[in-house]
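Pasted below: start.txt, compact mmCIF, C-alpha atoms and all ligand atoms.
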# COMPACT_ATOMS: atom_id res chain seq x y z
CA MET A 347 105.42 87.68 109.17
CA LYS A 348 106.80 88.37 105.68
CA VAL A 349 105.62 91.59 104.11
CA PHE A 350 106.03 93.02 100.64
CA VAL A 351 106.44 96.79 100.67
CA THR A 352 106.15 99.00 97.60
CA SER A 353 105.25 102.60 96.89
CA ASP A 354 104.47 105.22 94.26
CA ILE A 355 102.51 103.15 91.78
CA HIS A 356 100.85 106.41 90.63
CA GLY A 357 97.93 104.64 88.99
CA ARG A 358 100.07 102.53 86.64
CA PHE A 359 98.15 99.30 86.35
CA ASP A 360 100.94 97.60 84.40
CA VAL A 361 103.16 98.17 87.43
CA LEU A 362 100.54 96.78 89.79
CA GLY A 363 100.00 93.86 87.39
CA LYS A 364 103.67 92.91 87.68
CA ILE A 365 103.47 93.08 91.45
CA VAL A 366 100.33 90.94 91.50
CA ASP A 367 101.96 88.31 89.26
CA PHE A 368 105.02 88.25 91.49
CA ILE A 369 103.04 87.87 94.70
CA LYS A 370 100.89 85.08 93.23
CA GLU A 371 104.07 82.99 93.10
CA ARG A 372 105.15 83.91 96.61
CA GLU A 373 102.82 82.26 99.07
CA ASP A 374 105.14 83.20 101.94
CA ILE A 375 104.12 86.86 101.68
CA GLU A 376 101.28 87.54 104.10
CA LEU A 377 100.87 91.26 103.84
CA ILE A 378 101.24 93.85 101.07
CA ILE A 379 102.05 97.41 102.11
CA LEU A 380 101.63 100.42 99.82
CA CYS A 381 103.28 103.61 101.10
CA GLY A 382 101.16 106.09 99.18
CA ASP A 383 100.89 107.77 95.78
CA ILE A 384 98.85 104.84 94.62
CA THR A 385 96.56 106.66 92.17
CA GLY A 386 97.33 108.63 89.02
CA ASP A 387 97.58 112.29 88.17
CA HIS A 388 94.75 113.07 85.79
CA LEU A 389 93.85 116.11 83.78
CA TYR A 390 90.98 117.96 85.41
CA ARG A 391 89.20 121.27 85.37
CA TYR A 392 87.50 120.92 88.73
CA PHE A 393 89.00 119.30 91.77
CA TYR A 394 86.13 116.82 92.10
CA GLU A 395 87.03 115.47 88.66
CA LEU A 396 90.48 114.55 89.94
CA GLU A 397 88.93 112.99 93.07
CA ASP A 398 86.55 110.97 90.92
CA GLN A 399 89.20 109.73 88.50
CA GLN A 400 91.47 108.76 91.34
CA TYR A 401 88.56 107.02 93.04
CA GLU A 402 88.19 104.88 89.92
CA ASP A 403 91.93 104.06 90.08
CA TYR A 404 91.54 103.16 93.76
CA LYS A 405 88.64 100.78 93.11
CA LYS A 406 90.48 99.09 90.23
CA LEU A 407 93.62 98.75 92.29
CA LYS A 408 91.67 97.21 95.17
CA GLU A 409 90.02 94.77 92.80
CA MET A 410 93.39 93.61 91.43
CA LEU A 411 94.78 93.13 94.94
CA ARG A 412 91.64 91.44 96.26
CA LYS A 413 92.24 88.46 93.95
CA LEU A 414 95.53 87.72 95.72
CA ASN A 415 93.75 86.96 98.96
CA ARG A 416 96.45 88.55 101.10
CA LYS A 417 96.23 91.24 103.69
CA VAL A 418 96.80 94.72 102.31
CA LEU A 419 97.61 97.99 104.08
CA PHE A 420 97.86 101.29 102.28
CA ILE A 421 98.15 104.98 103.02
CA GLN A 422 97.72 108.05 100.86
CA GLY A 423 100.59 110.10 99.45
CA ASN A 424 100.81 113.71 98.35
CA HIS A 425 99.33 112.86 94.94
CA ASP A 426 96.33 110.96 96.37
CA VAL A 427 93.23 113.07 96.91
CA PHE A 428 90.50 110.44 96.42
CA ASN A 429 88.04 109.78 99.22
CA VAL A 430 88.76 106.41 100.82
CA ASP A 431 85.67 104.29 101.54
CA LYS A 432 84.76 104.61 105.23
CA GLU A 433 84.55 100.84 105.62
CA ASP A 434 87.90 100.12 103.99
CA ASN A 435 90.01 98.32 106.61
CA ASP A 436 92.97 98.05 104.23
CA TYR A 437 93.40 101.78 104.71
CA LEU A 438 95.84 101.79 107.61
CA PRO A 439 94.24 104.72 109.48
CA ASN A 440 90.99 102.64 109.57
CA CYS A 441 92.59 99.30 110.40
CA LYS A 442 91.49 97.77 113.69
CA ASP A 443 93.07 94.36 113.14
CA GLU A 444 94.71 93.16 116.38
CA ASP A 445 97.64 91.43 114.55
CA LEU A 446 98.43 94.67 112.75
CA LYS A 447 98.32 96.93 115.79
CA ASN A 448 102.03 97.80 115.55
CA PHE A 449 101.58 99.38 112.13
CA VAL A 450 101.40 103.15 112.37
CA PRO A 451 100.45 105.40 109.44
CA ILE A 452 102.10 108.76 108.80
CA GLU A 453 100.34 110.54 105.95
CA TYR A 454 101.33 114.05 106.96
CA LEU A 455 103.29 116.13 104.48
CA ASN A 456 105.74 118.97 105.09
CA PHE A 457 104.63 120.89 101.99
CA SER A 458 101.44 121.93 100.25
CA MET A 459 100.18 120.73 96.93
CA TYR A 460 96.39 120.44 96.88
CA GLY A 461 95.49 122.03 100.21
CA THR A 462 94.37 118.76 101.81
CA LYS A 463 94.25 118.47 105.58
CA ARG A 464 97.30 116.18 105.59
CA GLU A 465 99.53 118.97 104.28
CA GLY A 466 101.45 121.54 106.30
CA ASN A 467 104.93 122.56 107.31
CA GLU A 468 107.52 121.03 109.63
CA GLU A 469 105.96 122.67 112.65
CA ASP A 470 102.57 121.16 111.84
CA MET A 471 104.27 117.82 111.29
CA ALA A 472 105.97 117.97 114.69
CA GLN A 473 102.66 118.83 116.40
CA ARG A 474 100.78 116.09 114.62
CA LEU A 475 103.47 113.46 115.17
CA SER A 476 103.60 114.24 118.89
CA LYS A 477 100.03 112.92 119.16
CA ILE A 478 100.80 109.52 117.64
CA GLU A 479 101.79 106.59 119.84
CA ILE A 480 105.08 105.12 118.62
CA ASP A 481 107.41 102.72 120.44
CA GLU A 482 110.20 100.22 119.67
CA ASN A 483 107.69 97.73 118.27
CA SER A 484 106.11 100.19 115.88
CA ILE A 485 106.27 99.67 112.14
CA ILE A 486 105.82 103.04 110.53
CA VAL A 487 104.17 103.29 107.13
CA SER A 488 104.85 106.81 105.87
CA HIS A 489 104.81 108.46 102.49
CA LEU A 490 107.68 110.82 103.28
CA PRO A 491 111.12 109.57 104.29
CA PRO A 492 112.99 111.08 107.22
CA TYR A 493 115.12 114.13 106.40
CA LYS A 494 118.54 113.11 104.99
CA CYS A 495 117.65 109.44 104.87
CA LEU A 496 116.72 108.08 101.44
CA ASP A 497 115.47 111.53 100.42
CA SER A 498 117.12 114.03 98.07
CA ASN A 499 118.00 117.71 97.91
CA ILE A 500 114.98 118.38 95.72
CA TYR A 501 112.53 116.09 97.50
CA LYS A 502 113.43 116.60 101.11
CA GLY A 503 112.27 114.23 103.80
CA SER A 504 110.81 115.48 107.05
CA GLU A 505 112.90 116.72 109.95
CA ALA A 506 110.01 116.07 112.35
CA ILE A 507 109.90 112.46 111.15
CA ARG A 508 113.63 112.10 111.60
CA LYS A 509 113.30 113.33 115.19
CA ILE A 510 110.53 110.81 115.90
CA VAL A 511 112.72 108.00 114.55
CA LYS A 512 115.58 109.16 116.77
CA ASP A 513 113.44 109.53 119.91
CA LYS A 514 111.01 106.61 119.61
CA LYS A 515 113.21 104.04 117.83
CA PRO A 516 110.49 102.26 115.86
CA ALA A 517 111.41 98.78 114.58
CA TYR A 518 110.84 99.62 110.91
CA PHE A 519 110.12 102.65 108.81
CA PHE A 520 108.61 102.06 105.36
CA CYS A 521 108.29 104.98 102.95
CA GLY A 522 108.44 106.09 99.31
CA HIS A 523 107.95 109.51 97.68
CA VAL A 524 111.55 110.04 96.53
CA HIS A 525 111.58 107.72 93.54
CA ALA A 526 115.32 107.94 92.89
CA GLU A 527 116.25 106.93 96.42
CA PHE A 528 114.88 103.40 96.56
CA GLY A 529 117.03 101.71 99.19
CA VAL A 530 117.52 100.59 102.77
CA LYS A 531 119.44 102.38 105.50
CA LYS A 532 119.78 102.13 109.24
CA LEU A 533 118.81 105.40 110.92
CA TYR A 534 119.55 105.38 114.67
CA ASN A 535 117.96 102.08 115.74
CA THR A 536 115.54 101.77 112.87
CA TYR A 537 115.67 100.10 109.46
CA VAL A 538 114.33 102.56 106.91
CA PHE A 539 113.16 101.22 103.55
CA ASN A 540 112.36 103.54 100.66
CA ALA A 541 110.19 101.29 98.47
CA ALA A 542 109.35 103.71 95.64
CA CYS A 543 108.87 102.48 92.10
CA ASP A 544 110.10 104.91 89.45
CA GLU A 545 109.02 105.67 85.90
CA THR A 546 110.72 102.57 84.51
CA THR A 547 111.13 100.10 87.37
CA THR A 548 108.63 98.12 89.37
CA ARG A 549 110.17 97.25 92.70
CA GLY A 550 109.83 96.80 96.43
CA TRP A 551 111.17 94.96 99.45
CA ILE A 552 110.26 91.72 101.15
CA VAL A 553 110.91 92.03 104.86
CA GLU A 554 110.61 89.30 107.49
CA LEU A 555 109.53 91.37 110.46
CA GLU A 556 110.60 88.93 113.19
CA ASN A 557 114.28 88.87 112.23
CA GLY A 558 114.87 91.84 109.93
CA LYS A 559 115.91 89.73 106.93
CA TYR A 560 115.10 91.50 103.70
CA GLU A 561 115.14 90.86 99.99
CA LYS A 562 115.24 93.46 97.23
CA VAL A 563 112.63 92.87 94.56
CA ILE A 564 113.09 94.36 91.09
CA LEU A 565 110.47 93.25 88.56
MN MN A 601 104.95 111.43 96.56

Go through the file and emit its structure as structure tokens.
Ligand SMILES: [Mn+2]
Amino acid sequence: MKVFVTSDIHGRFDVLGKIVDFIKEREDIELIILCGDITGDHLYRYFYELEDQQYEDYKKLKEMLRKLNRKVLFIQGNHDVFNVDKEDNDYLPNCKDEDLKNFVPIEYLNFSMYGTKREGNEEDMAQRLSKIEIDENSIIVSHLPPYKCLDSNIYKGSEAIRKIVKDKKPAYFFCGHVHAEFGVKKLYNTYVFNAACDETTTRGWIVELENGKYEKVIL
């Protein structure tokens, strides 16, 4: 299966538009993966106003992707606080699709920003990750990168995630969050892809899951 992985669209519909146009031409891509921070930061006085504005972004984004007629999987990042529709099977934590059973979401964060239940510290992360089933066939979709792997000194990845990669040896690890560290690296036995777009570049990776072949996509 060929997948297109991207991250950190941050509610920029021009960026998503470029991705949609690209994928239209690429019938070989079966699945689109978004590693979080999909909606925008908006000015707000009350938290619900931010949730509502991001919910609008989320609906618009879904509508744009729906026209492609491909499978989509997404997770939320540290900037996403909108309430995902309960019936939304594209949201990886809700997905029950048998062909996608190897995909594992990690939405936990090792810092606090909005006080959501996904946030915490490294100890919380370690506790939470210990409850997730991960093996050599797993394809992790995470917002945060592992510590010292496609992260930076300012935006540090997670040590607990790094330990999970070392111990469980998942097949792939897709992430974003650290915009400047778009890239691919082998960490222990796992290919780690940071798929983050930045303020000026729309980008991602095409990965053929069966054989590990990958293609960098800069739009
Ligand atoms: Mn982020």

Compute the set of protein, DNA and RNA residues whose minimum atom distance to ligand MN 601 (chain A) is at most 6 Å, using all atoms listed in the file, and state it as a PyMOL selection string. chain A and resi 383+423-424+523

Using only C-alpha atoms - which residues lie no farther than 10 Å from the point (110.8, 104.3, 117.4) in the file's frame? Write them as a PyMOL selection string. chain A and resi 479-486+509-519+534-536

With a distance cut-off of 8 Å and all atoms listed in the file, select the neighbouring residues of stretch 539-556 of chain A, excluding the residue or stretch itself and same-chain residues fewer than 6 positions from it, and output the selection as a PyMOL selection string. chain A and resi 347-355+361+364-365+375+381+491+496+518-531+562-565

Using all atoms listed in the file for the distances, tell me which of A:Pro492, A:Gly558, A:Gly466, A:Pro451 is nearest to A:Ile507.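 Under the stated criterion, the closest residue is A:Pro492.
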
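Atom CA of A:Gly382 lies 25.3 Å from atom CA of A:Asn557.
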
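The shortest atom-to-atom distance to A:Ile369, with all atoms listed in the file taken into account, belongs to A:Leu411 out of A:Met459, A:Leu438, A:Leu389, A:Leu411.
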